[in-house]
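So the structure is just underneath, and the comments pick up after that.
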Amino acid sequence: MTVDLLDWPSIAADDFSCPEAVPAPRIADELSTMLVSPDPAIRDDYAYTAAARWIREGRLDAVLETLGDSATGRFTHPEIQARTFAPLVLCSVLTRGASVPGLVPEEAAERWYAGFSAWYPAEEDTRGWDDSLGWLHAVAHGADAAAAFAKALPHRRTELLELCARRMTAPQADYRYTQLEDARLARALTRILLSPGLTSEQATGWLTVVAQALHGGGPGPVPVWAFNTFATLQSLHLHVTRGITDGGAPPHAEAVAAEVTDLLRLPCHWLA
C-alpha cells in the first residue's frame, strides 16, 4: 500500500505550519527522503526549511534521535547533496537538545559525532554552490555542526578545534572558498573558543595542526588548500578580536589572535 506524500506546496504557502494530524515518524521519514533530493526546491526550500523550524519548535521531539541517526547515515551517501545537508540536520537536532536537557541522550550525540568526524575533514567535494544542485556548502554546514557538537559534547571541544583545522588544511581541496566558507568556519571556531573552561593552551594548541600543514612552503603559486587556510585565518582573526553578536570575544582572544598573526606572516611578511 502506498502512502500519499504530504502537500508540501500547501505547507510552504501556510508558512510551514506543522500538520498536527500526521504522526511524527511519518514526517521524519518523509523529511529524510526529501533531504537526499538533487532538486534544491525539494531538499532546501521544503525539507530543510520545515525540518529546521519544526525541530526548533519542538514539534519533532519524539523523533529527534531518529532524525539524527538518519542524518548520520547520509555521511556515506554516494550523492554530495545528501552528505552536505546531513550536518545541518544534526545542528538543528543538537541545538534543540541543548535547549531541553535530557532530550538528546549523550550516547546518541557520541554516535553522531563518530560519523561526522570521519566525514568532515575527508569530504572531497567542497563546492559552495552548484547551478543544478543549489547550495552544497560542505565546509560551512559542517562548521555549523561542529559548533553544535561543542555544546552537546564539551569534552570534545579540543578535538573539534583540531577537526576544523584539518578541514581547512585538507590537501585534496580543489575548490577555493568563494561562498563565505572561511567566515562560517571562523564563526564556528569562535563559538567553540567561547566555551567555558578552555585553557589558553587548549584555545591555541589546535593551531599546531595548521602550522604543521604550512611548514616547508616556499615561493611559487599558492595551493588551493593554503589559500583556503589563509582566508580562514584572516577571518578568524577578525572574529576573535571583534567578537560575535551572540557571545562576544573568546576569553583567550588575544592569545589566539597572536598565534594566527604569526601564521599569517608566512605569506604576508610585512605584517607588524
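Residue numbering restarts at 1 in every chain; chains get A, B, ... in the order shown in the C-alpha cells, and ligands count up from 1 in that same order.
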
Residues within 9 Å of stretch 99-103 of chain A, only C-alpha atoms, excluding chain neighbours under 6 positions, as a ChimeraX atom specification: /A:61,64-65

Could you write out the selected residues, including N, CA and C atoms, as a PDB file, in the first residue's frame?
ATOM      1  N   ASP A  61      10.148  16.446  18.654  1.00  0.00           N
ATOM      2  CA  ASP A  61      10.912  15.936  19.796  1.00  0.00           C
ATOM      3  C   ASP A  61      10.843  14.412  19.906  1.00  0.00           C
ATOM      4  N   LEU A  64      13.531  12.936  17.428  1.00  0.00           N
ATOM      5  CA  LEU A  64      14.828  13.603  17.276  1.00  0.00           C
ATOM      6  C   LEU A  64      15.954  12.602  17.050  1.00  0.00           C
ATOM      7  N   GLU A  65      15.970  11.542  17.841  1.00  0.00           N
ATOM      8  CA  GLU A  65      17.053  10.569  17.699  1.00  0.00           C
ATOM      9  C   GLU A  65      16.986   9.876  16.339  1.00  0.00           C
TER      10      GLU A  65
END

Residues near stretch 129-137 of chain A, cut-off 10 Å, only C-alpha atoms, skip fewer than 2 positions along chain, as a ChimeraX atom specification: /A:37-41,43-44,80-85,125-127,139-143,177-181,184

Atoms kept (C-alpha atoms) for selection, written as a short mmCIF file (atom, residue, chain, number, x, y, z; two decimals), in the first residue's frame:
data_model
loop_
_atom_site.label_atom_id
_atom_site.label_comp_id
_atom_site.auth_asym_id
_atom_site.auth_seq_id
_atom_site.Cartn_x
_atom_site.Cartn_y
_atom_site.Cartn_z
CA SER A 37 16.83 15.02 -3.32
CA PRO A 38 19.02 16.63 -6.01
CA ASP A 39 16.22 19.16 -6.51
CA PRO A 40 17.08 22.17 -4.29
CA ALA A 41 13.42 23.19 -4.13
CA ARG A 43 15.66 19.46 -0.40
CA ASP A 44 16.31 23.02 0.75
CA ILE A 80 27.01 15.07 -2.48
CA GLN A 81 23.82 16.97 -1.61
CA ALA A 82 22.74 14.17 0.71
CA ARG A 83 26.05 14.29 2.57
CA THR A 84 26.21 18.07 2.92
CA PHE A 85 22.70 18.56 4.29
CA ASP A 125 33.50 17.94 -2.86
CA THR A 126 33.58 21.25 -1.02
CA ARG A 127 31.82 23.43 -3.60
CA VAL A 139 32.58 23.29 4.77
CA ALA A 140 30.03 25.81 6.03
CA HIS A 141 27.37 23.27 7.01
CA GLY A 142 29.96 21.11 8.73
CA ALA A 143 31.26 24.13 10.63
CA TYR A 177 36.38 29.32 -0.91
CA THR A 178 34.08 31.72 -2.75
CA GLN A 179 30.81 31.48 -0.81
CA LEU A 180 31.98 32.79 2.59
CA GLU A 181 33.07 29.34 3.74
CA ARG A 184 31.37 30.28 8.52
#

Among the residues A:Asp45, A:Glu107, A:Glu159, A:Glu57, the one that comes closest to A:Ala203 [using only C-alpha atoms]: A:Glu159

Per-residue nearest contacts of stretch 138-215 of chain A to stretch 236-243 of chain A (10 Å; only C-alpha atoms) as a Markdown table:
| residue | atom | partner | partner_atom | distance |
| --- | --- | --- | --- | --- |
| A:Asp182 | CA | A:Leu236 | CA | 8.2 |
| A:Ala183 | CA | A:Leu236 | CA | 7.4 |
| A:Arg184 | CA | A:Leu236 | CA | 9.5 |
| A:Leu185 | CA | A:Leu236 | CA | 8.1 |
| A:Ala186 | CA | A:Leu236 | CA | 4.6 |
| A:Arg187 | CA | A:His239 | CA | 6.7 |
| A:Ala188 | CA | A:Leu236 | CA | 9.4 |
| A:Leu189 | CA | A:Leu236 | CA | 7.6 |
| A:Thr190 | CA | A:Val240 | CA | 6.1 |
| A:Arg191 | CA | A:Val240 | CA | 9.4 |
| A:Leu193 | CA | A:Val240 | CA | 8.7 |
| A:Leu194 | CA | A:Val240 | CA | 9.4 |

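The residue that comes closest to A:Leu94, out of A:Phe227, A:Asp69, A:Ala249, A:Ile11 and on the basis of only C-alpha atoms, is A:Asp69.
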
Option closest in space to A:Thr158, from A:Thr245, A:Ser200, A:Ser10, A:Asn228 [counting only C-alpha atoms]: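 Among A:Thr245, A:Ser200, A:Ser10, A:Asn228, it is A:Ser200 that comes nearest to A:Thr158.
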
Test item, helix (DSSP H, G or I) assignment across stretch 32-264 of chain A, answer as a ChimeraX atom specification: /A:32-34,40-56,61-76,80-99,106-122,138-152,154-168,181-193,200-205,207-214,224-242,253-264
